[in-house]
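Printed here is structure-v1.tsv (TSV, C-alpha atoms and all ligand atoms):
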chain	number	residue	atom	x	y	z
A	1	MET	CA	10.67	8.84	-11.05
A	2	SER	CA	12.39	6.45	-8.71
A	3	SER	CA	13.09	2.88	-9.74
A	4	MET	CA	13.19	0.44	-6.88
A	5	LEU	CA	12.89	-3.28	-6.75
A	6	SER	CA	12.94	-3.73	-3.03
A	7	PRO	CA	11.80	-1.70	-0.05
A	8	GLY	CA	14.34	0.75	1.23
A	9	ASP	CA	16.31	1.34	-1.97
A	10	LYS	CA	15.45	5.02	-2.23
A	11	ALA	CA	17.99	7.39	-0.69
A	12	ALA	CA	15.26	9.20	1.22
A	13	ASP	CA	12.85	6.36	1.90
A	14	PRO	CA	9.69	7.91	3.32
A	15	LYS	CA	7.73	5.36	5.32
A	16	VAL	CA	4.41	7.16	5.19
A	17	ILE	CA	2.09	6.59	2.24
A	18	VAL	CA	-0.67	9.22	2.34
A	19	ALA	CA	-4.02	7.75	1.24
A	20	LEU	CA	-5.61	10.24	-1.16
A	21	ASP	CA	-9.28	9.38	-0.68
A	22	PHE	CA	-10.73	12.45	-2.44
A	23	ASP	CA	-13.55	13.01	-4.92
A	24	HIS	CA	-12.57	16.64	-5.71
A	25	LEU	CA	-9.40	17.76	-7.44
A	26	SER	CA	-9.42	21.09	-5.61
A	27	ALA	CA	-9.12	19.35	-2.22
A	28	LEU	CA	-6.44	17.06	-3.62
A	29	ASP	CA	-4.42	19.97	-5.03
A	30	ALA	CA	-4.69	21.92	-1.78
A	31	LEU	CA	-3.19	18.95	0.07
A	32	ILE	CA	-0.49	18.12	-2.48
A	33	ASP	CA	0.76	21.71	-2.47
A	34	GLN	CA	1.60	21.25	1.21
A	35	LEU	CA	3.43	17.92	0.89
A	36	GLU	CA	6.97	17.14	-0.25
A	37	PRO	CA	8.01	14.01	-2.21
A	38	GLY	CA	10.90	13.53	0.22
A	39	SER	CA	8.52	13.29	3.17
A	40	CYS	CA	5.87	10.86	1.97
A	41	ARG	CA	4.54	8.70	-0.79
A	42	LEU	CA	0.96	8.88	-2.09
A	43	LYS	CA	-1.73	6.23	-2.51
A	44	VAL	CA	-4.27	6.50	-5.31
A	45	GLY	CA	-7.20	4.16	-4.73
A	46	LYS	CA	-10.31	3.13	-6.57
A	47	GLU	CA	-12.35	6.28	-5.87
A	48	LEU	CA	-9.75	8.76	-7.10
A	49	PHE	CA	-8.65	6.62	-10.04
A	50	THR	CA	-12.18	5.80	-11.20
A	51	THR	CA	-13.16	9.46	-11.01
A	52	PHE	CA	-10.11	11.07	-12.60
A	53	GLY	CA	-8.18	8.25	-14.31
A	54	PRO	CA	-4.48	8.05	-15.26
A	55	PRO	CA	-3.98	11.85	-15.60
A	56	VAL	CA	-4.23	12.30	-11.84
A	57	VAL	CA	-1.55	9.63	-11.30
A	58	GLU	CA	0.68	11.16	-13.97
A	59	ARG	CA	0.29	14.59	-12.39
A	60	LEU	CA	1.40	13.30	-8.98
A	61	ILE	CA	4.39	11.53	-10.52
A	62	GLN	CA	5.34	14.68	-12.43
A	63	LYS	CA	5.39	16.52	-9.12
A	64	GLY	CA	8.01	14.02	-7.97
A	65	PHE	CA	5.89	11.75	-5.76
A	66	ASP	CA	6.10	7.97	-5.66
A	67	VAL	CA	2.58	6.65	-6.24
A	68	PHE	CA	1.08	3.43	-4.87
A	69	LEU	CA	-1.72	2.51	-7.30
A	70	ASP	CA	-4.07	0.67	-4.95
A	71	LEU	CA	-6.51	-0.94	-7.38
A	72	LYS	CA	-6.23	-4.52	-6.03
A	73	PHE	CA	-6.39	-6.24	-9.42
A	74	HIS	CA	-8.09	-9.66	-9.45
A	75	ASP	CA	-8.84	-11.30	-12.80
A	76	ILE	CA	-7.58	-14.03	-15.11
A	77	PRO	CA	-3.77	-14.11	-15.37
A	78	ASN	CA	-3.43	-12.38	-18.74
A	79	THR	CA	-5.85	-9.56	-17.94
A	80	THR	CA	-4.28	-8.90	-14.53
A	81	ALA	CA	-0.76	-8.97	-15.93
A	82	GLN	CA	-1.68	-6.49	-18.68
A	83	ALA	CA	-3.18	-4.16	-16.07
A	84	VAL	CA	-0.01	-4.42	-13.98
A	85	ARG	CA	2.07	-3.66	-17.07
A	86	ALA	CA	-0.08	-0.61	-17.80
A	87	ALA	CA	0.56	0.56	-14.23
A	88	ALA	CA	4.31	0.06	-14.70
A	89	ARG	CA	4.22	2.09	-17.91
A	90	MET	CA	2.37	4.84	-16.05
A	91	GLY	CA	5.40	4.94	-13.76
A	92	VAL	CA	3.79	4.02	-10.44
A	93	TRP	CA	6.10	3.03	-7.58
A	94	MET	CA	3.86	0.24	-6.22
A	95	VAL	CA	0.86	-1.68	-7.52
A	96	ASN	CA	-1.20	-4.47	-6.00
A	97	VAL	CA	-3.23	-7.58	-6.88
A	98	HIS	CA	-5.30	-10.05	-4.83
A	99	ALA	CA	-3.32	-13.11	-3.75
A	100	SER	CA	-6.56	-15.09	-4.00
A	101	GLY	CA	-6.24	-14.66	-7.79
A	102	GLY	CA	-3.81	-17.57	-7.47
A	103	ARG	CA	-0.30	-18.60	-8.36
A	104	ALA	CA	-0.72	-18.46	-12.13
A	105	MET	CA	-2.13	-14.93	-11.96
A	106	MET	CA	0.62	-13.59	-9.70
A	107	SER	CA	3.40	-15.41	-11.56
A	108	ARG	CA	2.14	-14.05	-14.87
A	109	CYS	CA	2.23	-10.52	-13.46
A	110	ARG	CA	5.83	-11.06	-12.38
A	111	GLU	CA	6.80	-12.51	-15.79
A	112	VAL	CA	5.22	-9.64	-17.70
A	113	LEU	CA	6.89	-7.06	-15.45
A	114	ALA	CA	10.27	-8.74	-15.99
A	115	GLY	CA	10.03	-7.67	-19.63
A	116	GLU	CA	9.55	-4.02	-18.69
A	117	SER	CA	12.38	-1.51	-18.34
A	118	TYR	CA	10.79	-0.16	-15.15
A	119	GLN	CA	9.26	-2.43	-12.52
A	120	PRO	CA	7.12	-1.14	-9.66
A	121	LEU	CA	6.95	-2.99	-6.38
A	122	LEU	CA	4.35	-5.73	-6.84
A	123	ILE	CA	2.29	-6.32	-3.70
A	124	ALA	CA	-0.53	-8.74	-2.89
A	125	VAL	CA	-3.61	-8.34	-0.75
A	126	THR	CA	-4.19	-11.45	1.39
A	127	VAL	CA	-7.46	-11.22	3.31
A	128	LEU	CA	-9.25	-7.87	3.45
A	129	THR	CA	-8.96	-6.78	7.06
A	130	SER	CA	-12.57	-5.59	6.90
A	131	LEU	CA	-13.67	-9.26	6.87
A	132	SER	CA	-14.68	-10.86	10.16
A	133	ALA	CA	-13.73	-14.45	11.04
A	134	SER	CA	-17.28	-15.59	10.23
A	135	GLU	CA	-17.19	-13.86	6.83
A	136	VAL	CA	-13.83	-15.48	6.05
A	137	SER	CA	-15.38	-18.83	6.90
A	138	GLU	CA	-18.54	-18.03	4.90
A	139	ILE	CA	-16.42	-17.34	1.79
A	140	GLY	CA	-15.10	-20.87	2.19
A	141	TYR	CA	-11.58	-20.43	3.50
A	142	PRO	CA	-10.65	-23.13	6.04
A	143	GLY	CA	-8.96	-22.09	9.28
A	144	THR	CA	-8.77	-18.79	11.10
A	145	PRO	CA	-8.18	-15.48	9.27
A	146	ASP	CA	-4.58	-15.58	10.60
A	147	ASP	CA	-4.08	-19.01	9.00
A	148	VAL	CA	-5.47	-17.76	5.69
A	149	VAL	CA	-3.30	-14.63	5.78
A	150	SER	CA	-0.17	-16.73	6.45
A	151	HIS	CA	-1.11	-19.16	3.70
A	152	LEU	CA	-1.78	-16.46	1.11
A	153	ALA	CA	1.36	-14.50	2.07
A	154	ARG	CA	3.42	-17.63	1.46
A	155	LEU	CA	1.69	-18.20	-1.88
A	156	ALA	CA	2.32	-14.56	-2.79
A	157	GLN	CA	6.03	-14.85	-1.99
A	158	ASP	CA	6.32	-18.16	-3.87
A	159	SER	CA	4.63	-16.49	-6.85
A	160	GLY	CA	7.16	-13.67	-6.99
A	161	MET	CA	5.36	-10.90	-5.12
A	162	ASP	CA	7.52	-8.32	-3.34
A	163	GLY	CA	5.25	-8.24	-0.30
A	164	VAL	CA	1.71	-7.96	1.02
A	165	VAL	CA	-0.72	-5.44	2.40
A	166	CYS	CA	-1.55	-6.48	5.96
A	167	SER	CA	-2.63	-5.25	9.35
A	168	ALA	CA	0.25	-4.01	11.50
A	169	ARG	CA	-0.95	-6.60	14.03
A	170	GLU	CA	-0.01	-9.31	11.53
A	171	ALA	CA	3.36	-7.77	10.67
A	172	GLU	CA	5.48	-9.41	13.36
A	173	ARG	CA	4.27	-12.91	12.46
A	174	LEU	CA	4.55	-12.34	8.70
A	175	LYS	CA	8.05	-10.91	9.07
A	176	ALA	CA	9.08	-14.05	11.01
A	177	GLU	CA	7.43	-16.33	8.46
A	178	ARG	CA	8.42	-14.59	5.23
A	179	GLY	CA	11.66	-12.83	6.13
A	180	ALA	CA	12.68	-9.22	6.67
A	181	ARG	CA	12.89	-8.30	2.98
A	182	PHE	CA	9.30	-9.28	2.21
A	183	CYS	CA	7.61	-5.88	2.04
A	184	LEU	CA	4.78	-5.30	4.55
A	185	VAL	CA	2.45	-2.39	3.78
A	186	THR	CA	0.09	-1.58	6.65
A	187	PRO	CA	-3.04	0.60	6.82
A	188	GLY	CA	-5.02	1.18	10.02
A	189	ILE	CA	-2.31	3.47	11.42
A	190	ARG	CA	-3.13	6.29	13.82
A	191	PRO	CA	-0.63	8.77	15.30
A	192	VAL	CA	-0.90	9.11	19.07
A	193	GLY	CA	-3.88	11.32	19.95
A	194	SER	CA	-5.65	11.29	16.58
A	195	ALA	CA	-9.21	10.08	15.96
A	196	THR	CA	-9.60	6.44	15.01
A	197	ASN	CA	-12.46	7.26	12.54
A	198	ASP	CA	-13.90	3.94	11.31
A	199	GLN	CA	-10.68	1.96	11.91
A	200	VAL	CA	-11.26	-0.53	14.70
A	201	ARG	CA	-7.87	-1.83	15.79
A	202	VAL	CA	-5.32	0.91	15.20
A	203	VAL	CA	-1.55	0.90	15.70
A	204	THR	CA	0.77	3.92	16.03
A	205	PRO	CA	3.37	4.57	13.31
A	206	VAL	CA	6.31	3.71	15.56
A	207	ASP	CA	4.69	0.50	16.87
A	208	ALA	CA	3.83	-0.59	13.32
A	209	LEU	CA	7.45	-0.14	12.21
A	210	ARG	CA	8.71	-1.95	15.33
A	211	GLN	CA	6.41	-4.86	14.50
A	212	GLY	CA	7.90	-5.15	11.03
A	213	SER	CA	5.93	-2.83	8.73
A	214	HIS	CA	7.96	-1.29	5.92
A	215	TYR	CA	5.39	1.28	4.83
A	216	LEU	CA	2.49	2.91	6.68
A	217	VAL	CA	-0.71	3.86	4.87
A	218	ILE	CA	-2.19	6.89	6.64
A	219	GLY	CA	-5.18	8.83	5.32
A	220	ARG	CA	-7.51	11.00	7.36
A	221	PRO	CA	-5.17	11.95	10.22
A	222	ILE	CA	-3.16	13.79	7.52
A	223	THR	CA	-5.67	14.55	4.76
A	224	GLN	CA	-8.35	15.95	7.07
A	225	SER	CA	-6.01	17.88	9.29
A	226	LYS	CA	-5.91	21.67	9.12
A	227	GLU	CA	-2.11	21.31	9.13
A	228	PRO	CA	-1.30	18.19	7.11
A	229	ALA	CA	2.39	19.03	6.69
A	230	ALA	CA	2.79	19.51	10.44
A	231	VAL	CA	1.05	16.19	11.21
A	232	LEU	CA	3.27	14.41	8.69
A	233	ALA	CA	6.40	16.12	10.02
A	234	GLU	CA	5.57	14.98	13.56
A	235	ILE	CA	5.04	11.39	12.38
A	236	ASN	CA	8.37	11.49	10.52
A	237	ARG	CA	10.07	12.99	13.58
A	238	GLN	CA	8.86	10.12	15.74
A	239	ILE	CA	10.03	7.62	13.12
A	240	GLN	CA	13.47	9.30	13.00
A	241	LEU	CA	13.74	9.10	16.78
A	242	MET	CA	13.30	5.33	16.75
A	243	CYS	CA	16.03	4.81	14.12
B	301	LIG	O1	-8.02	7.47	6.54
B	301	LIG	P1	-7.35	6.17	6.87
B	301	LIG	O2	-5.99	6.30	7.46
B	301	LIG	O3	-8.23	5.25	7.67
B	301	LIG	O4	-7.15	5.53	5.42
B	301	LIG	C1	-6.63	4.28	5.24
B	301	LIG	C2	-6.53	3.92	3.79
B	301	LIG	O5	-6.11	2.56	3.74
B	301	LIG	C3	-7.81	4.00	3.00
B	301	LIG	O6	-7.46	4.35	1.65
B	301	LIG	C4	-8.35	2.61	3.05
B	301	LIG	O7	-9.10	2.25	1.92
B	301	LIG	C5	-7.08	1.78	3.11
B	301	LIG	N1	-7.22	0.51	3.78
B	301	LIG	C6	-7.68	0.36	5.08
B	301	LIG	N2	-7.76	-0.85	5.67
B	301	LIG	C7	-7.40	-1.91	5.01
B	301	LIG	C8	-6.93	-1.82	3.71
B	301	LIG	C9	-6.84	-0.57	3.13
B	301	LIG	O8	-8.01	1.34	5.72
B	301	LIG	N3	-7.48	-3.07	5.62

Entire entry expressed as C-alpha cells:
Amino acid sequence: MSSMLSPGDKAADPKVIVALDFDHLSALDALIDQLEPGSCRLKVGKELFTTFGPPVVERLIQKGFDVFLDLKFHDIPNTTAQAVRAAARMGVWMVNVHASGGRAMMSRCREVLAGESYQPLLIAVTVLTSLSASEVSEIGYPGTPDDVVSHLARLAQDSGMDGVVCSAREAERLKAERGARFCLVTPGIRPVGSATNDQVRVVTPVDALRQGSHYLVIGRPITQSKEPAAVLAEINRQIQLMC
C-alpha cells in the first residue's frame, strides 16, 4: 500500500483512475486481471461498494492497486469523520466528502485523520457536475455554478482538504485560484475517438492535464473496451509524450 499525502508523491504516479462501475464480480475480475497497479489507479463507487462491501476494496488493495473510495460522504461532522477514518483503516489511497457538509464537517475529518498512522488523500466534491444552472439555483445557492464551485473549493481548502473533484473545464480556474498543489480530480474524460456515452462536455486526457487536472477518472472507454489494457496503454503513452 502506498502512503501519500500529496498528489505526485508515488514513484510511478499513474494519472488514470479507472472507474469500476460493475455489478458483477466476474466482470470486475476479468478487467482487473488485465490491469497493472503501475499503470492506473481504481475507483470504487457507490454501486460496487454497496453491492460487495469492504472485501472488494481490500481485494483490490491486496493486488497492489491504489483505490479511490468514491462514496461522497455527507453527514454530521462526527459521523463523516468516523467514516473517513474507517476508509483510512481499510487502506484506501483517496476518499471524498461533500464540501457542502461545511467547514466543521471537513475540519473534523482532517483532525480525525491526523490521528491515524496512514492518511489517504482527502478530497471534496463541490457541485455535482450533473446539476444544471437552474437546479443549482433551485437548491438555493446564489450565483452561477462556477461561483459556487469556486466558493466551495476555497472552503474545502480552508478546511484542510487536499483537493476537489471537478470538471476538467473548471481545472484551469481552480488551479489559478487554489494553487498548483491543490489536487484536482476530473471525470468526464474521453480519449480521442472514443464514444462520449452519457457524458455531455468531454475533455481528452492530455487536455485535462494541460488544464491543471492531477488525476483523470475514466470508466467506460476502458472498462467496456475489448482491449482495456491497450486503451489504457495508449492513454498513458499520450500522457508520457506531453511530459
Ligand atoms: O464511464 P465514465 O468515464 O463516464 O465514468 C466516469 C465515472 O466518474 C463514473 O464512475 C461516474 O459516476 C463518475 N463521475 C462522473 N461525472 C461526475 C462525477 C463523477 O462521470 N461529474

For this session: Could you tell me which of A:Gly212, A:Gly193, A:Gly188, A:Gly143 comes closest to ligand LIG 301 (chain B) if we count only C-alpha atoms and all ligand atoms?
Result: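 Ranking A:Gly212, A:Gly193, A:Gly188, A:Gly143 by distance to ligand LIG 301 (chain B), first place goes to A:Gly188.
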
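Take the candidates A:Lys46, A:Arg154, A:Arg41, A:Arg89 and check each one against Phe68 of chain A using all atoms listed in the file; the shortest distance goes to A:Arg41.
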
For this session: Kindly indicate which residue among A:Cys166, A:Ile32, A:Met105, A:Ala233 lies nearest to ligand LIG 301 (chain B), using all atoms listed in the file for the distances.
Result: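 Of all the options, A:Cys166 lies closest to ligand LIG 301 (chain B).
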
Seminar exercise, completed: ligand LIG 301 (chain B) proximity check over A:Gly102, A:Gly64, A:Gly91, A:Gly45, using all atoms listed in the file: winner is A:Gly45

For this session: Please identify all polymer residues within 12 Å of Thr79 of chain A, counting all atoms listed in the file, omitting same-chain residues fewer than 3 positions from it, and present them as a ChimeraX atom specification.
Result: /A:73-76,82-86,97,101,104-106,108-109,112

Exercise. Quick one: of A:Val217, A:Val202, A:Ala99, A:Val67, who's nearest to Asp162 of chain A, counting all atoms listed in the file?
Worked result: A:Ala99

Show me, as a tab-separated table, the residues of chain A having an atom within 6 Å of ligand LIG 301 (chain B), each with the closest atom pair and its distance in Å, using all atoms listed in the file.
residue	atom	partner	partner_atom	distance
A:Ala19	CA	B:LIG301	O6	4.9
A:Asp21	CA	B:LIG301	O6	5.8
A:Leu128	CA	B:LIG301	N3	5.6
A:Thr129	CA	B:LIG301	N3	4.2
A:Ser130	CA	B:LIG301	N3	5.8
A:Pro187	CA	B:LIG301	O5	4.8
A:Gly188	CA	B:LIG301	O8	5.2
A:Gln199	CA	B:LIG301	O3	5.9
A:Val217	CA	B:LIG301	O5	5.7
A:Ile218	CA	B:LIG301	O2	3.9
A:Gly219	CA	B:LIG301	O1	3.4
A:Arg220	CA	B:LIG301	O1	3.7

For this session: List every protein, DNA or RNA residue that has at least one atom no more than 12 Å from (4.6, -11.8, 11.5) in the file's coordinates, counting all atoms listed in the file, and write the result as a PyMOL selection string.
Result: chain A and resi 146-147+149-150+153-154+164+166-180+182-184+208+210-213

For this session: For atom CA of Val148 of chain A and atom CA of Leu131 of chain A, determine how far apart the two atoms are, in Å to one decimal place.
Result: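 Calculated distance between atom CA of Val148 of chain A and atom CA of Leu131 of chain A is 11.9 Å.
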
For this session: Point out the residue among A:Ser134, A:Thr196, A:Ser39, A:Asn96 with the least atom-to-atom distance to Glu234 of chain A, counting all atoms listed in the file.
Result: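 Smallest distance to Glu234 of chain A is found for A:Ser39.
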
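With only the atoms specified (all atoms listed in the file) counting, those residues at most 10 Å away from (1.7, 5.8, 16.1) are Ile189, Arg190, Pro191, Val192, Gly193, Ser194, Val202, Val203, Thr204, Pro205, Val206, Asp207, Ala208, Leu209, Leu216, Ile235, Gln238 and Ile239 of chain A.
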
Problem set entry | Ala87 of chain A environment, 12 Å, only C-alpha atoms, sequence neighbours closer than 6 positions dropped, as number ranges by chain | A: 44, 49, 53-54, 57-58, 67-73, 80-81, 93-97, 109, 112-113, 116, 118-122

Exercise. At what distance in Å, to one decimal, does atom CA of Val16 of chain A lie from atom CA of Val136 of chain A?
Worked result: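 Calculated distance between atom CA of Val136 of chain A and atom CA of Val16 of chain A is 29.1 Å.
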
Exercise. What gap, in Å, lies between atom CA of Met161 of chain A and atom CA of Thr50 of chain A?
Worked result: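 The value is 25.0 Å.
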
Exercise. What's the 9 Å shell around Leu152 of chain A, counting all atoms listed in the file, without same-chain residues fewer than 6 positions away, as a PyMOL selection string?
Worked result: chain A and resi 99-100+102+124-127
